[in-house]
$ cat final.pdb   # PDB, C-alpha atoms and all ligand atoms
ATOM      1  CA  MET E 293       6.722  22.664 -24.876
ATOM      2  CA  SER E 294       4.086  24.792 -23.235
ATOM      3  CA  ARG E 295       5.222  27.787 -21.261
ATOM      4  CA  PRO E 296       2.910  29.946 -19.140
ATOM      5  CA  TYR E 297       2.056  33.383 -20.489
ATOM      6  CA  TYR E 298       3.437  36.073 -18.251
ATOM      7  CA  ILE E 299       2.138  39.640 -18.463
ATOM      8  CA  ALA E 300       3.958  42.348 -16.511
ATOM      9  CA  GLY E 301       3.164  46.027 -16.029
ATOM     10  CA  ASN E 302       5.978  48.522 -15.547
ATOM     11  CA  TRP E 303       4.522  51.652 -13.982
ATOM     12  CA  LYS E 304       7.813  53.562 -14.411
ATOM     13  CA  MET E 305       7.840  56.935 -12.601
ATOM     14  CA  HIS E 306       4.079  57.342 -12.552
ATOM     15  CA  LYS E 307       1.435  57.593  -9.830
ATOM     16  CA  THR E 308       1.070  58.863  -6.311
ATOM     17  CA  ARG E 309       0.387  56.432  -3.499
ATOM     18  CA  ALA E 310      -3.374  57.005  -3.650
ATOM     19  CA  GLU E 311      -3.393  56.459  -7.414
ATOM     20  CA  ALA E 312      -1.232  53.367  -7.114
ATOM     21  CA  ALA E 313      -3.552  51.870  -4.496
ATOM     22  CA  GLU E 314      -6.560  52.531  -6.695
ATOM     23  CA  LEU E 315      -4.922  50.913  -9.735
ATOM     24  CA  ALA E 316      -3.696  47.918  -7.733
ATOM     25  CA  ARG E 317      -7.193  47.326  -6.315
ATOM     26  CA  ALA E 318      -8.743  47.582  -9.782
ATOM     27  CA  LEU E 319      -6.207  45.083 -11.173
ATOM     28  CA  VAL E 320      -6.764  42.616  -8.345
ATOM     29  CA  GLU E 321     -10.484  42.711  -9.110
ATOM     30  CA  GLY E 322     -10.073  42.736 -12.897
ATOM     31  CA  LEU E 323      -7.524  39.902 -13.092
ATOM     32  CA  LYS E 324      -8.771  37.649 -10.340
ATOM     33  CA  ASP E 325     -10.056  35.116 -12.843
ATOM     34  CA  GLY E 326      -7.174  35.720 -15.294
ATOM     35  CA  LYS E 327      -5.509  32.597 -16.611
ATOM     36  CA  HIS E 328      -1.935  33.826 -17.000
ATOM     37  CA  ARG E 329       0.924  34.923 -14.723
ATOM     38  CA  TYR E 330       0.840  38.585 -13.752
ATOM     39  CA  LEU E 331       3.150  41.147 -12.228
ATOM     40  CA  VAL E 332       3.143  44.864 -11.586
ATOM     41  CA  ALA E 333       6.245  46.926 -10.856
ATOM     42  CA  PRO E 334       5.397  50.207  -9.110
ATOM     43  CA  GLY E 335       7.973  52.900  -8.363
ATOM     44  CA  PHE E 336       9.990  52.360  -5.162
ATOM     45  CA  THR E 337       7.976  54.735  -2.974
ATOM     46  CA  LEU E 338       4.727  53.028  -3.962
ATOM     47  CA  ILE E 339       5.777  49.487  -3.175
ATOM     48  CA  GLU E 340       4.785  49.561   0.482
ATOM     49  CA  THR E 341       1.320  50.833  -0.484
ATOM     50  CA  VAL E 342       0.765  48.259  -3.224
ATOM     51  CA  ALA E 343       2.241  45.207  -1.418
ATOM     52  CA  PRO E 344      -0.670  44.519   0.973
ATOM     53  CA  ILE E 345      -3.191  44.967  -1.851
ATOM     54  CA  LEU E 346      -1.471  42.302  -3.990
ATOM     55  CA  LYS E 347      -0.712  39.915  -1.140
ATOM     56  CA  GLY E 348      -2.393  36.546  -1.644
ATOM     57  CA  THR E 349      -3.593  37.460  -5.158
ATOM     58  CA  ASN E 350      -2.450  36.167  -8.561
ATOM     59  CA  ILE E 351      -0.420  39.343  -9.211
ATOM     60  CA  ARG E 352       3.252  39.347  -8.282
ATOM     61  CA  LEU E 353       4.981  42.405  -6.857
ATOM     62  CA  GLY E 354       7.924  43.755  -8.833
ATOM     63  CA  ALA E 355      10.506  46.514  -8.609
ATOM     64  CA  GLN E 356      11.996  48.390 -11.553
ATOM     65  CA  ASN E 357      15.663  48.281 -10.584
ATOM     66  CA  CYS E 358      18.080  47.619  -7.726
ATOM     67  CA  ALA E 359      21.616  48.597  -6.785
ATOM     68  CA  PRO E 360      24.488  46.276  -7.702
ATOM     69  CA  GLU E 361      25.566  46.089  -4.034
ATOM     70  CA  GLU E 362      23.713  44.868  -0.966
ATOM     71  CA  GLN E 363      24.321  48.001   1.066
ATOM     72  CA  GLY E 364      26.816  50.783   1.636
ATOM     73  CA  ALA E 365      27.670  54.255   0.429
ATOM     74  CA  HIS E 366      25.421  54.362  -2.653
ATOM     75  CA  THR E 367      23.485  57.598  -2.450
ATOM     76  CA  GLY E 368      20.154  57.430  -4.205
ATOM     77  CA  GLU E 369      20.201  53.679  -4.785
ATOM     78  CA  VAL E 370      17.854  50.983  -3.478
ATOM     79  CA  SER E 371      19.122  47.687  -2.122
ATOM     80  CA  VAL E 372      17.869  44.152  -2.656
ATOM     81  CA  LEU E 373      17.609  43.866   1.142
ATOM     82  CA  GLN E 374      15.246  46.841   1.234
ATOM     83  CA  LEU E 375      13.161  45.405  -1.608
ATOM     84  CA  LYS E 376      12.987  41.995   0.022
ATOM     85  CA  GLU E 377      11.734  43.548   3.238
ATOM     86  CA  LEU E 378       8.823  45.099   1.332
ATOM     87  CA  GLY E 379       7.791  41.782  -0.172
ATOM     88  CA  VAL E 380       9.111  42.394  -3.691
ATOM     89  CA  GLN E 381       9.334  39.117  -5.608
ATOM     90  CA  THR E 382      10.710  40.162  -8.992
ATOM     91  CA  ILE E 383      13.155  42.827 -10.180
ATOM     92  CA  ILE E 384      13.192  44.238 -13.707
ATOM     93  CA  LEU E 385      16.814  44.792 -14.757
ATOM     94  CA  GLY E 386      18.451  46.254 -17.827
ATOM     95  CA  HIS E 387      15.365  48.160 -18.965
ATOM     96  CA  SER E 388      16.231  50.260 -21.995
ATOM     97  CA  GLU E 389      15.681  53.454 -20.001
ATOM     98  CA  ARG E 390      18.305  52.217 -17.513
ATOM     99  CA  ARG E 391      20.648  51.301 -20.383
ATOM    100  CA  HIS E 392      20.209  54.360 -22.552
ATOM    101  CA  VAL E 393      19.116  57.193 -20.239
ATOM    102  CA  TYR E 394      21.176  56.153 -17.208
ATOM    103  CA  SER E 395      24.075  54.550 -19.105
ATOM    104  CA  GLU E 396      23.931  51.131 -17.482
ATOM    105  CA  ASP E 397      26.143  48.683 -19.342
ATOM    106  CA  ASP E 398      25.962  44.906 -19.622
ATOM    107  CA  ALA E 399      28.569  44.383 -16.901
ATOM    108  CA  LEU E 400      26.636  46.476 -14.376
ATOM    109  CA  ILE E 401      23.348  44.834 -15.311
ATOM    110  CA  ASN E 402      24.969  41.411 -14.933
ATOM    111  CA  ARG E 403      26.136  42.272 -11.398
ATOM    112  CA  LYS E 404      22.577  43.272 -10.524
ATOM    113  CA  VAL E 405      21.149  40.100 -12.071
ATOM    114  CA  LYS E 406      23.483  37.894 -10.034
ATOM    115  CA  LEU E 407      22.860  39.813  -6.816
ATOM    116  CA  ALA E 408      19.074  39.708  -7.228
ATOM    117  CA  LEU E 409      19.163  35.969  -7.967
ATOM    118  CA  ALA E 410      21.443  35.341  -4.977
ATOM    119  CA  HIS E 411      18.797  36.990  -2.820
ATOM    120  CA  GLY E 412      16.062  34.756  -4.169
ATOM    121  CA  PHE E 413      14.326  37.207  -6.505
ATOM    122  CA  GLU E 414      12.948  36.449  -9.914
ATOM    123  CA  VAL E 415      14.617  38.679 -12.510
ATOM    124  CA  ILE E 416      13.193  40.076 -15.726
ATOM    125  CA  LEU E 417      16.277  40.795 -17.846
ATOM    126  CA  CYS E 418      15.449  43.277 -20.613
ATOM    127  CA  VAL E 419      17.308  43.263 -23.896
ATOM    128  CA  GLY E 420      16.673  45.107 -27.135
ATOM    129  CA  GLU E 421      18.246  46.917 -30.037
ATOM    130  CA  GLN E 422      18.102  50.608 -30.911
ATOM    131  CA  LEU E 423      16.662  51.829 -34.211
ATOM    132  CA  HIS E 424      20.035  52.310 -35.921
ATOM    133  CA  GLU E 425      20.995  48.776 -34.917
ATOM    134  CA  ARG E 426      17.806  47.341 -36.405
ATOM    135  CA  GLU E 427      18.319  49.385 -39.565
ATOM    136  CA  GLY E 428      21.913  48.190 -39.687
ATOM    137  CA  GLY E 429      20.741  44.562 -39.639
ATOM    138  CA  ILE E 430      22.378  43.742 -36.308
ATOM    139  CA  ALA E 431      19.313  43.491 -34.053
ATOM    140  CA  GLU E 432      19.722  39.765 -33.482
ATOM    141  CA  GLY E 433      23.392  40.061 -32.607
ATOM    142  CA  ILE E 434      22.740  42.923 -30.178
ATOM    143  CA  CYS E 435      20.042  40.959 -28.348
ATOM    144  CA  GLU E 436      22.124  37.805 -28.305
ATOM    145  CA  GLY E 437      25.069  39.743 -26.880
ATOM    146  CA  GLN E 438      22.969  41.425 -24.182
ATOM    147  CA  THR E 439      21.480  38.050 -23.249
ATOM    148  CA  THR E 440      24.868  36.344 -23.020
ATOM    149  CA  LYS E 441      26.447  39.167 -21.027
ATOM    150  CA  GLY E 442      23.411  39.611 -18.788
ATOM    151  CA  LEU E 443      23.471  35.915 -17.875
ATOM    152  CA  ASP E 444      27.244  35.640 -17.480
ATOM    153  CA  GLY E 445      27.977  33.547 -14.381
ATOM    154  CA  VAL E 446      24.320  32.777 -13.646
ATOM    155  CA  ALA E 447      24.158  29.218 -12.308
ATOM    156  CA  PRO E 448      21.937  26.781 -14.228
ATOM    157  CA  GLY E 449      19.923  26.238 -11.039
ATOM    158  CA  ASP E 450      19.057  29.937 -10.890
ATOM    159  CA  LEU E 451      17.944  30.171 -14.498
ATOM    160  CA  GLU E 452      14.388  29.123 -13.685
ATOM    161  CA  ARG E 453      14.041  32.470 -11.879
ATOM    162  CA  VAL E 454      15.074  34.410 -14.974
ATOM    163  CA  VAL E 455      12.610  35.791 -17.499
ATOM    164  CA  ILE E 456      13.867  37.674 -20.560
ATOM    165  CA  ALA E 457      11.994  40.626 -22.013
ATOM    166  CA  TYR E 458      12.764  41.557 -25.616
ATOM    167  CA  GLU E 459      12.057  45.257 -25.922
ATOM    168  CA  PRO E 460      13.181  46.943 -29.122
ATOM    169  CA  VAL E 461      14.146  50.419 -27.933
ATOM    170  CA  TRP E 462      12.474  52.095 -30.929
ATOM    171  CA  ALA E 463       9.141  50.509 -29.965
ATOM    172  CA  ILE E 464       9.028  51.571 -26.314
ATOM    173  CA  GLY E 465       6.494  54.289 -25.669
ATOM    174  CA  THR E 466       6.439  55.246 -29.344
ATOM    175  CA  GLY E 467       3.271  53.520 -30.521
ATOM    176  CA  LYS E 468       5.424  51.500 -32.969
ATOM    177  CA  THR E 469       5.310  47.766 -32.386
ATOM    178  CA  ALA E 470       7.582  45.147 -33.886
ATOM    179  CA  THR E 471       5.620  42.906 -36.221
ATOM    180  CA  PRO E 472       4.772  39.594 -34.563
ATOM    181  CA  GLU E 473       7.047  37.913 -37.124
ATOM    182  CA  ASP E 474      10.046  40.185 -36.420
ATOM    183  CA  ALA E 475       9.569  39.884 -32.666
ATOM    184  CA  ASP E 476       9.231  36.110 -32.889
ATOM    185  CA  ALA E 477      12.469  35.866 -34.884
ATOM    186  CA  ILE E 478      14.388  37.714 -32.163
ATOM    187  CA  HIS E 479      12.719  35.650 -29.444
ATOM    188  CA  ALA E 480      13.769  32.494 -31.278
ATOM    189  CA  SER E 481      17.360  33.724 -31.478
ATOM    190  CA  ILE E 482      17.383  34.575 -27.753
ATOM    191  CA  ARG E 483      15.997  31.113 -27.025
ATOM    192  CA  ARG E 484      18.776  29.560 -29.122
ATOM    193  CA  VAL E 485      21.390  31.511 -27.167
ATOM    194  CA  VAL E 486      19.956  30.343 -23.841
ATOM    195  CA  GLY E 487      19.916  26.830 -25.281
ATOM    196  CA  LYS E 488      23.584  27.080 -26.275
ATOM    197  CA  LEU E 489      24.550  28.353 -22.827
ATOM    198  CA  TYR E 490      22.376  26.092 -20.655
ATOM    199  CA  GLY E 491      21.154  23.277 -22.888
ATOM    200  CA  GLU E 492      18.252  23.046 -25.274
ATOM    201  CA  ALA E 493      15.699  22.156 -22.595
ATOM    202  CA  ALA E 494      16.582  25.294 -20.628
ATOM    203  CA  GLY E 495      16.148  27.350 -23.795
ATOM    204  CA  GLU E 496      12.736  25.799 -24.338
ATOM    205  CA  ARG E 497      11.686  26.561 -20.763
ATOM    206  CA  MET E 498      12.780  30.219 -20.855
ATOM    207  CA  ILE E 499       9.855  32.652 -20.706
ATOM    208  CA  ILE E 500      10.510  35.486 -23.165
ATOM    209  CA  GLN E 501       8.199  38.487 -22.973
ATOM    210  CA  TYR E 502       7.822  41.078 -25.702
ATOM    211  CA  GLY E 503       7.693  44.762 -24.804
ATOM    212  CA  GLY E 504       7.162  47.850 -26.936
ATOM    213  CA  SER E 505       3.774  49.512 -27.318
ATOM    214  CA  VAL E 506       1.784  46.389 -26.491
ATOM    215  CA  LYS E 507      -1.922  47.251 -26.417
ATOM    216  CA  GLY E 508      -5.185  45.383 -26.146
ATOM    217  CA  ASP E 509      -5.531  45.326 -29.919
ATOM    218  CA  ASN E 510      -2.123  43.800 -30.731
ATOM    219  CA  ALA E 511      -1.515  41.549 -27.707
ATOM    220  CA  ALA E 512      -3.241  38.425 -29.026
ATOM    221  CA  ARG E 513      -1.436  38.606 -32.397
ATOM    222  CA  LEU E 514       1.956  38.901 -30.689
ATOM    223  CA  MET E 515       1.221  36.194 -28.164
ATOM    224  CA  ALA E 516       0.046  33.818 -30.904
ATOM    225  CA  LYS E 517       3.668  33.478 -32.015
ATOM    226  CA  ALA E 518       5.467  30.346 -30.894
ATOM    227  CA  ASN E 519       8.292  32.111 -29.075
ATOM    228  CA  ILE E 520       6.394  35.022 -27.493
ATOM    229  CA  ASP E 521       5.399  34.098 -23.961
ATOM    230  CA  GLY E 522       3.881  37.273 -22.637
ATOM    231  CA  ALA E 523       4.439  40.995 -22.472
ATOM    232  CA  LEU E 524       6.207  43.678 -20.514
ATOM    233  CA  VAL E 525       3.867  46.637 -20.739
ATOM    234  CA  GLY E 526       4.603  50.287 -20.001
ATOM    235  CA  GLY E 527       2.031  52.902 -21.025
ATOM    236  CA  ALA E 528      -0.930  50.555 -21.228
ATOM    237  CA  SER E 529      -0.238  49.215 -17.720
ATOM    238  CA  LEU E 530      -1.152  52.536 -16.116
ATOM    239  CA  LYS E 531      -4.895  51.999 -16.298
ATOM    240  CA  ALA E 532      -6.848  48.860 -15.436
ATOM    241  CA  GLU E 533      -9.011  49.397 -18.553
ATOM    242  CA  THR E 534      -5.979  49.218 -20.829
ATOM    243  CA  PHE E 535      -3.943  46.588 -18.934
ATOM    244  CA  ALA E 536      -6.740  44.077 -18.335
ATOM    245  CA  PRO E 537      -7.473  43.445 -22.053
ATOM    246  CA  ILE E 538      -3.758  42.650 -22.575
ATOM    247  CA  ALA E 539      -3.562  40.529 -19.440
ATOM    248  CA  LYS E 540      -6.692  38.620 -20.381
ATOM    249  CA  PHE E 541      -5.961  38.296 -24.090
ATOM    250  CA  ALA E 542      -7.698  35.309 -25.599
TER     251      ALA E 542
HETATM  252  C1  LIG Y 601       8.375  49.396 -21.262
HETATM  253  O1  LIG Y 601       8.644  50.438 -20.731
HETATM  254  O2  LIG Y 601       8.902  48.353 -20.851
HETATM  255  C2  LIG Y 601       7.438  49.415 -22.378
HETATM  256  C3  LIG Y 601       7.366  48.368 -23.144
HETATM  257  O3  LIG Y 601       6.711  50.560 -22.567
HETATM  258  P1  LIG Y 601       5.479  50.789 -23.603
HETATM  259  O4  LIG Y 601       4.554  49.609 -23.402
HETATM  260  O5  LIG Y 601       4.862  52.064 -23.175
HETATM  261  O6  LIG Y 601       6.054  50.824 -24.953
END
$ encode --input "final.pdb" --output "structure tokens"
Amino acid sequence: MSRPYYIAGNWKMHKTRAEAAELARALVEGLKDGKHRYLVAPGFTLIETVAPILKGTNIRLGAQNCAPEEQGAHTGEVSVLQLKELGVQTIILGHSERRHVYSEDDALINRKVKLALAHGFEVILCVGEQLHEREGGIAEGICEGQTTKGLDGVAPGDLERVVIAYEPVWAIGTGKTATPEDADAIHASIRRVVGKLYGEAAGERMIIQYGGSVKGDNAARLMAKANIDGALVGGASLKAETFAPIAKFA
């Protein structure tokens, strides 16, 4: 089955509004004839600046997180209602920095996933093992568990708005990339899990991105693998010159 390639840039906590506008404009120009699906996820305070630049282009607007509740006494959090108002289409959830720096667990991430889907967003659910888990031979089990728990209670009809990003924690921002073969094996196991939960056809349709030091010079080799359907890119998404070669990989 042929799935679209989907390349997403996670800008994390980088850029001022002027810098974000400049990057967004450069990406709109650079990717306007790109053949794949694209998304950028600027920090919350940049979204209003970037939204009008991306409007009507082939680049979707993403956010990097949301609160698990619609509204209320949640100091410092950002609500799905606030993101919707700004034109956000996709929310990245369960990023390893949220899991491991801010102690988000699978149950919390699952609440966010369900809330974002209920409000009509596309969700990129990130999963991935830590180095000691890979070395201990349990990478597949960790990713399968995070996938199952992250999707708990997600209705089959909402699954088409879910994308999974496999991001081995030891590869994020470190310059170390999983080999295409190792990444593909995990992607295949995630696809099997989705297939077990929602039926084989749903597993086949699931877009699974790889993330972890993706660069222009390794993107094509990763994406050549049968189960790798795109990339979630951190560091290399911060400049048009480094993101465009990934986004337009041949
Ligand atoms: C990420 O933060 O999702 C990521 C994959 O970062 P990097 O590309 O910098 O490893």
$ residues_around --input "final.pdb" --residues "Lys507 (chain E)" --least-positions-apart "6" --cutoff "8 Å" --atoms "only C-alpha atoms" --output "NGL selection string"
:E and (528 or 534-535 or 538)
$ write_last_selection --input "final.pdb" --atoms "C-alpha atoms" --output "short mmCIF file (atom, residue, chain, number, x, y, z; two decimals), keeping the file's coordinate frame"
data_model
loop_
_atom_site.label_atom_id
_atom_site.label_comp_id
_atom_site.auth_asym_id
_atom_site.auth_seq_id
_atom_site.Cartn_x
_atom_site.Cartn_y
_atom_site.Cartn_z
CA ALA E 528 -0.93 50.56 -21.23
CA THR E 534 -5.98 49.22 -20.83
CA PHE E 535 -3.94 46.59 -18.93
CA ILE E 538 -3.76 42.65 -22.58
#
$ residues_around --input "final.pdb" --residues "Phe336 (chain E)" --least-positions-apart "3" --cutoff "10 Å" --atoms "all atoms listed in the file" --output "compact mmCIF listing (two decimals) with C-alpha atoms, keeping the file's coordinate frame"
# COMPACT_ATOMS: atom_id res chain seq x y z
CA LYS E 304 7.81 53.56 -14.41
CA MET E 305 7.84 56.94 -12.60
CA ALA E 333 6.24 46.93 -10.86
CA ILE E 339 5.78 49.49 -3.18
CA GLU E 340 4.78 49.56 0.48
CA THR E 341 1.32 50.83 -0.48
CA GLY E 354 7.92 43.76 -8.83
CA ALA E 355 10.51 46.51 -8.61
CA GLN E 356 12.00 48.39 -11.55
CA ASN E 357 15.66 48.28 -10.58
CA CYS E 358 18.08 47.62 -7.73
CA VAL E 370 17.85 50.98 -3.48
CA GLN E 374 15.25 46.84 1.23
CA LEU E 375 13.16 45.40 -1.61
CA LEU E 378 8.82 45.10 1.33
$ closest_residue --input "final.pdb" --among "E:Gln381, E:Asn510, E:Ser481, E:Asn519" --to "Val454 (chain E)" --atoms "all atoms listed in the file"
E:Gln381
$ resolve_selection --input "final.pdb" --expression "the PyMOL selection byres (((not hetatm)) within 6 of (chain Y and resi 601))" --output "PyMOL selection string"
chain E and resi 463-465+503-506+524-528
$ residues_around --input "final.pdb" --residues "region 396-404 of chain E" --least-positions-apart "6" --cutoff "6 Å" --atoms "all atoms listed in the file" --output "list of chain:residue names"
E:Pro360, E:Gly386, E:Arg390, E:Lys441, E:Gly442
$ closest_residue --input "final.pdb" --among "E:Gly335, E:Gly301, E:Pro448, E:Pro344" --to "Gly491 (chain E)" --atoms "all atoms listed in the file"
E:Pro448
$ resolve_selection --input "final.pdb" --expression "the PyMOL selection byres (((chain E and resi 497) around 9) and not hetatm)" --output "VMD selection string"
chain E and resid 293 to 295 452 483 492 to 496 498 to 499
$ write_last_selection --input "final.pdb" --atoms "C-alpha atoms" --output "mmCIF file, keeping the file's coordinate frame"
data_model
loop_
_atom_site.group_PDB
_atom_site.id
_atom_site.type_symbol
_atom_site.label_atom_id
_atom_site.label_comp_id
_atom_site.auth_asym_id
_atom_site.auth_seq_id
_atom_site.Cartn_x
_atom_site.Cartn_y
_atom_site.Cartn_z
ATOM 1 C CA MET E 293 6.722 22.664 -24.876
ATOM 2 C CA SER E 294 4.086 24.792 -23.235
ATOM 3 C CA ARG E 295 5.222 27.787 -21.261
ATOM 4 C CA GLU E 452 14.388 29.123 -13.685
ATOM 5 C CA ARG E 483 15.997 31.113 -27.025
ATOM 6 C CA GLU E 492 18.252 23.046 -25.274
ATOM 7 C CA ALA E 493 15.699 22.156 -22.595
ATOM 8 C CA ALA E 494 16.582 25.294 -20.628
ATOM 9 C CA GLY E 495 16.148 27.350 -23.795
ATOM 10 C CA GLU E 496 12.736 25.799 -24.338
ATOM 11 C CA MET E 498 12.780 30.219 -20.855
ATOM 12 C CA ILE E 499 9.855 32.652 -20.706
#
